[in-house]
Amino acid sequence: MSETPNLPWQRLHPLSPVIQLGRSAVAVLFVLAIPYISNGGRQHSGDYFDVVIIALAAVGGLISWLVTRWCVEGGTLRVETGLIRRRHTQVPLSRIQSVDVVRPALARIFGLAEVRVRTGVARDGDARLAYVAEERAETIRANLLAWSHGVTIEEAESLEQPLAAVRNRRLLLAVWLQGVVPFEILLAVGFLVAAFLVPTPGGRSSLLGTAAVWIVLLVVAVGNRLNSQLAYEVAEAPDGLRIRGGLIGTVVETLPKERIQALRQIEPLWWRPFGWVRVDADVAGGQRRKGEDRGMSGQMRILLPVATRKEAALFLAEVARGALPPNGRPPSRAHIKTLLSYHFLAVGLTPGWGAACTGRLRRTTTWVALNKVQSVRWSQGPVQRRLKLATLHLDVAGRRVGVSLKDRDSLEAHQMGEQLTALCRDARQLDRITAKGGPWSAADRDHQMSTAAALGSRCPQDQSDASQGPTVPPG
Amino acid sequence: METDPIPGKQLPAPPPSSDPSTSEAPFFDLAGWQAISPSLGRIRQIEVGGASVGLLLIGAVAGLVTGVALISVVTAVVAIGGWSSGSLYISRRVRSWGYLARDQDLLVRRGVMFRRLSVVPYGRMQTVDVTAGPLERAFRLATIRLHTASASSDARIPGLARLEAAALRDRLADLGEAHAEGL
């Protein structure tokens, strides 16, 4: 380590309380301004009351600023805050999982940003430096990351490699074709057309009003999504995937790869003519945090808002080696049972990943990291039994069901179940040996494979095997 | 695998070809499947019987109050039909339950119409519950439930003799500790 991790005690930016109060401050100012406006700007008797409120807020803000300070010493980040209830947060630099720079819209106006240091443990385990000047925030982030990895800042910066960026022009079209938005547009157009067809002026104006409200809501909803996904970039960093995005409020977020349980690629129906897909990640313990941007929160995190199939495949190859498109088709007799989804059904087993493709109108491909699989379930309904088919489920942590390998030959499903339990066991063992989060980089995998060979355990199947589906002995 | 230390009756050898898929279902052919207590069948009989008697009474009362005898007759037919078909089905359902403790994981199977089989690695177990409702207590039975981090793992074994359940719980807890892993 070239620099000793040391920063003296210091305060946050003096304007922080203003942003902390944020919208409420704006609202208060607005309320205070009403008497002036209604009185035509003249003074009135309630004047002192306003001054008192403003003074109180100012003093409160000043105190909260004065009592908050932070430093780095002895390999620990310390944050102290609170006047009556003092709160000390200590984060050992080695425990830092990620450092995010968050810029809410209001902070951006003042050129400030929040540094959020994540430890990945408890909900209150995060240290927040809200707010510091923007360029300072970047320096702090770089420093903390470098120190936590024990490298110099230049090394830490060079370790970050861009993986994918979303083209804004494509996104601008794609957001209008996602989910129910096309139907909502149709509805809005319907309202407008109806308004011009209705002969009575009263009916026309009410229909126009409804249409206007509808369109405003629609634009706001789409605008929100756009706001979080414009200028979207994903980069590979030593501590995980670094996701940057946002137009007005910018977020830099780091997703540790070992927290990814599953990956999902969705091809919405309306995107099909363009060949676009979306890539999500299922993150363990990824409860939505307060103040987190909407597009990046929830348990399914968006990794790539919109990309062509080819881009997505390249991206997946970088992010999750071995997560190849599944191509083991179910037996043709399954066609009778799965009339509407047979065209998409497929499964695949590759080193480190179990994959399945499902969907009726929108093709959804899901990969689970085998080292994250909690249990394997086999099930067979009456129709499946008649057709000698069975379904295999791979469960991962959380409420969502993991991957369902649907409607396979029942014998194959049994053998695959046995094979998968063994593969998952090996993956977990390797996890413990390498203390690593899974089938991630090529080097890791080679290492794991060799470890697997050394262990004398079953070696995961090759992709060449998976190309004709998991092994099915004849008869 | 070696002899199982858990007291319990062995599940009879795979039934003769009444079930076409059994022969080609290697999981079900494994040796050492443990059956659950047939007393669970009695509990289920009591439950179904109680429900049927309740339905009969409701039908009778409704028939008396409205004066339409047809109501009573229809409910009686439904109740008795349900009772008889249910009690025939119960014994098959109870017999379908089984568990198998292997070196690394626990297998649980169940179901007649919808057949299910769960493979839960010991390392993934987070908690093991033993519960017993009033009826189960009356028959000295208990239900074991395995929890993993996944909500859908769904591994429970009802109708275990109380001692057997306690022994299995302790053994599972030990195995879980030995194989403990994170998420």
# chains A, B, ... in the order shown; residues from 1 in each chain; ligands from 1
$ interface_residues --of "chain A" --to "chain B" --cutoff "9 Å" --atoms "only C-alpha atoms" --output "MDAnalysis selection string"
chainID A and resid 259 284 371:382 385:386 388 394:402 410:415 417:418 421 425 428 432
$ residues_around --residues "Pro162 (chain A)" --least-positions-apart "2" --cutoff "8 Å" --atoms "only C-alpha atoms" --output "PyMOL selection string"
chain A and resi 160+164-165+233-236
$ select_by_dssp --residues "region 36-178 of chain B" --states "strand (DSSP E or B)" --output "PyMOL selection string"
chain B and resi 98-101+105-110+115-121+127-131+141-147+150+155-161
$ write_last_selection --atoms "N, CA and C atoms" --output "mmCIF file, in the first residue's frame"
data_model
loop_
_atom_site.group_PDB
_atom_site.id
_atom_site.type_symbol
_atom_site.label_atom_id
_atom_site.label_comp_id
_atom_site.auth_asym_id
_atom_site.auth_seq_id
_atom_site.Cartn_x
_atom_site.Cartn_y
_atom_site.Cartn_z
ATOM 1 N N GLY B 98 -42.668 -39.912 1.935
ATOM 2 C CA GLY B 98 -41.484 -40.649 2.318
ATOM 3 C C GLY B 98 -40.296 -39.725 2.416
ATOM 4 N N TYR B 99 -39.326 -40.132 3.182
ATOM 5 C CA TYR B 99 -38.107 -39.321 3.238
ATOM 6 C C TYR B 99 -36.906 -40.242 3.242
ATOM 7 N N LEU B 100 -35.792 -39.674 2.831
ATOM 8 C CA LEU B 100 -34.566 -40.454 2.728
ATOM 9 C C LEU B 100 -33.406 -39.547 3.092
ATOM 10 N N ALA B 101 -32.728 -39.867 4.186
ATOM 11 C CA ALA B 101 -31.588 -39.053 4.619
ATOM 12 C C ALA B 101 -30.330 -39.629 4.000
ATOM 13 N N ASP B 105 -27.687 -34.820 1.632
ATOM 14 C CA ASP B 105 -28.959 -34.121 1.524
ATOM 15 C C ASP B 105 -30.120 -35.007 1.970
ATOM 16 N N LEU B 106 -31.236 -34.328 2.201
ATOM 17 C CA LEU B 106 -32.459 -35.022 2.599
ATOM 18 C C LEU B 106 -33.426 -35.000 1.428
ATOM 19 N N LEU B 107 -33.999 -36.156 1.135
ATOM 20 C CA LEU B 107 -34.992 -36.250 0.066
ATOM 21 C C LEU B 107 -36.363 -36.406 0.699
ATOM 22 N N VAL B 108 -37.320 -35.660 0.215
ATOM 23 C CA VAL B 108 -38.698 -35.803 0.685
ATOM 24 C C VAL B 108 -39.585 -35.956 -0.529
ATOM 25 N N ARG B 109 -40.465 -36.967 -0.499
ATOM 26 C CA ARG B 109 -41.364 -37.164 -1.620
ATOM 27 C C ARG B 109 -42.798 -37.200 -1.131
ATOM 28 N N ARG B 110 -43.716 -36.838 -1.980
ATOM 29 C CA ARG B 110 -45.133 -36.869 -1.599
ATOM 30 C C ARG B 110 -45.996 -36.772 -2.839
ATOM 31 N N ARG B 115 -47.085 -35.362 -8.071
ATOM 32 C CA ARG B 115 -45.983 -35.953 -7.311
ATOM 33 C C ARG B 115 -44.857 -34.956 -7.190
ATOM 34 N N ARG B 116 -44.317 -34.875 -6.003
ATOM 35 C CA ARG B 116 -43.242 -33.918 -5.767
ATOM 36 C C ARG B 116 -42.097 -34.610 -5.043
ATOM 37 N N LEU B 117 -40.903 -34.110 -5.321
ATOM 38 C CA LEU B 117 -39.735 -34.626 -4.629
ATOM 39 C C LEU B 117 -38.785 -33.457 -4.414
ATOM 40 N N SER B 118 -38.395 -33.229 -3.167
ATOM 41 C CA SER B 118 -37.475 -32.138 -2.856
ATOM 42 C C SER B 118 -36.145 -32.713 -2.422
ATOM 43 N N VAL B 119 -35.080 -32.116 -2.884
ATOM 44 C CA VAL B 119 -33.738 -32.479 -2.441
ATOM 45 C C VAL B 119 -33.175 -31.268 -1.711
ATOM 46 N N VAL B 120 -33.007 -31.377 -0.401
ATOM 47 C CA VAL B 120 -32.508 -30.254 0.381
ATOM 48 C C VAL B 120 -31.139 -30.615 0.946
ATOM 49 N N PRO B 121 -30.089 -29.950 0.509
ATOM 50 C CA PRO B 121 -28.762 -30.231 1.066
ATOM 51 C C PRO B 121 -28.717 -29.804 2.536
ATOM 52 N N THR B 127 -33.271 -23.608 9.504
ATOM 53 C CA THR B 127 -33.892 -24.048 10.750
ATOM 54 C C THR B 127 -34.654 -25.338 10.495
ATOM 55 N N VAL B 128 -34.848 -26.076 11.555
ATOM 56 C CA VAL B 128 -35.666 -27.281 11.496
ATOM 57 C C VAL B 128 -36.723 -27.158 12.588
ATOM 58 N N ASP B 129 -37.992 -27.167 12.180
ATOM 59 C CA ASP B 129 -39.083 -27.049 13.145
ATOM 60 C C ASP B 129 -39.721 -28.400 13.370
ATOM 61 N N VAL B 130 -40.168 -28.635 14.574
ATOM 62 C CA VAL B 130 -41.043 -29.769 14.838
ATOM 63 C C VAL B 130 -42.331 -29.203 15.400
ATOM 64 N N THR B 131 -43.447 -29.462 14.734
ATOM 65 C CA THR B 131 -44.719 -28.972 15.241
ATOM 66 C C THR B 131 -45.682 -30.145 15.375
ATOM 67 N N LEU B 141 -47.946 -37.946 17.156
ATOM 68 C CA LEU B 141 -47.233 -37.680 15.905
ATOM 69 C C LEU B 141 -46.716 -36.248 15.890
ATOM 70 N N ALA B 142 -45.857 -35.947 14.941
ATOM 71 C CA ALA B 142 -45.343 -34.585 14.808
ATOM 72 C C ALA B 142 -44.967 -34.349 13.355
ATOM 73 N N THR B 143 -44.857 -33.088 12.985
ATOM 74 C CA THR B 143 -44.456 -32.705 11.634
ATOM 75 C C THR B 143 -43.108 -32.002 11.699
ATOM 76 N N ILE B 144 -42.220 -32.411 10.807
ATOM 77 C CA ILE B 144 -40.916 -31.738 10.730
ATOM 78 C C ILE B 144 -40.911 -30.864 9.501
ATOM 79 N N ARG B 145 -40.397 -29.662 9.656
ATOM 80 C CA ARG B 145 -40.341 -28.747 8.523
ATOM 81 C C ARG B 145 -38.921 -28.186 8.406
ATOM 82 N N LEU B 146 -38.377 -28.276 7.214
ATOM 83 C CA LEU B 146 -37.024 -27.751 6.972
ATOM 84 C C LEU B 146 -37.128 -26.403 6.283
ATOM 85 N N HIS B 147 -36.417 -25.428 6.795
ATOM 86 C CA HIS B 147 -36.421 -24.122 6.144
ATOM 87 C C HIS B 147 -35.055 -23.845 5.527
ATOM 88 N N SER B 150 -34.611 -20.178 0.723
ATOM 89 C CA SER B 150 -35.612 -20.042 -0.327
ATOM 90 C C SER B 150 -36.986 -20.351 0.237
ATOM 91 N N ALA B 155 -39.922 -28.368 2.149
ATOM 92 C CA ALA B 155 -39.606 -29.709 2.612
ATOM 93 C C ALA B 155 -40.209 -29.903 3.992
ATOM 94 N N ARG B 156 -41.312 -30.660 4.048
ATOM 95 C CA ARG B 156 -41.868 -30.989 5.358
ATOM 96 C C ARG B 156 -42.253 -32.459 5.357
ATOM 97 N N ILE B 157 -42.179 -33.026 6.521
ATOM 98 C CA ILE B 157 -42.533 -34.436 6.667
ATOM 99 C C ILE B 157 -43.556 -34.517 7.785
ATOM 100 N N PRO B 158 -44.821 -34.787 7.454
ATOM 101 C CA PRO B 158 -45.824 -34.930 8.509
ATOM 102 C C PRO B 158 -45.872 -36.373 8.982
ATOM 103 N N GLY B 159 -46.603 -36.586 10.060
ATOM 104 C CA GLY B 159 -46.904 -37.943 10.501
ATOM 105 C C GLY B 159 -45.694 -38.753 10.919
ATOM 106 N N LEU B 160 -44.750 -38.098 11.580
ATOM 107 C CA LEU B 160 -43.629 -38.851 12.138
ATOM 108 C C LEU B 160 -43.952 -39.153 13.596
ATOM 109 N N ALA B 161 -43.607 -40.338 14.042
ATOM 110 C CA ALA B 161 -43.748 -40.628 15.465
ATOM 111 C C ALA B 161 -42.923 -39.604 16.226
#
$ decode --residues "region 375-396 of chain A" --atoms "C-alpha atoms" --output "CSV table (one decimal), in the first residue's frame"
chain,number,residue,atom,x,y,z
A,375,SER,CA,-32.8,-26.9,-3.1
A,376,VAL,CA,-33.7,-29.0,-6.1
A,377,ARG,CA,-37.3,-30.0,-6.6
A,378,TRP,CA,-38.8,-32.5,-9.0
A,379,SER,CA,-42.5,-32.4,-9.7
A,380,GLN,CA,-45.0,-34.2,-12.0
A,381,GLY,CA,-48.6,-33.5,-12.5
A,382,PRO,CA,-51.2,-35.9,-13.9
A,383,VAL,CA,-50.9,-34.7,-17.5
A,384,GLN,CA,-47.1,-34.8,-17.3
A,385,ARG,CA,-47.3,-38.3,-15.9
A,386,ARG,CA,-49.4,-39.4,-18.8
A,387,LEU,CA,-46.9,-37.9,-21.2
A,388,LYS,CA,-43.9,-39.1,-19.1
A,389,LEU,CA,-42.7,-35.6,-18.5
A,390,ALA,CA,-41.5,-33.9,-15.4
A,391,THR,CA,-40.4,-30.5,-14.2
A,392,LEU,CA,-37.3,-29.7,-12.2
A,393,HIS,CA,-37.0,-26.6,-10.1
A,394,LEU,CA,-33.9,-24.9,-8.8
A,395,ASP,CA,-34.7,-22.7,-5.8
A,396,VAL,CA,-32.6,-19.7,-4.8
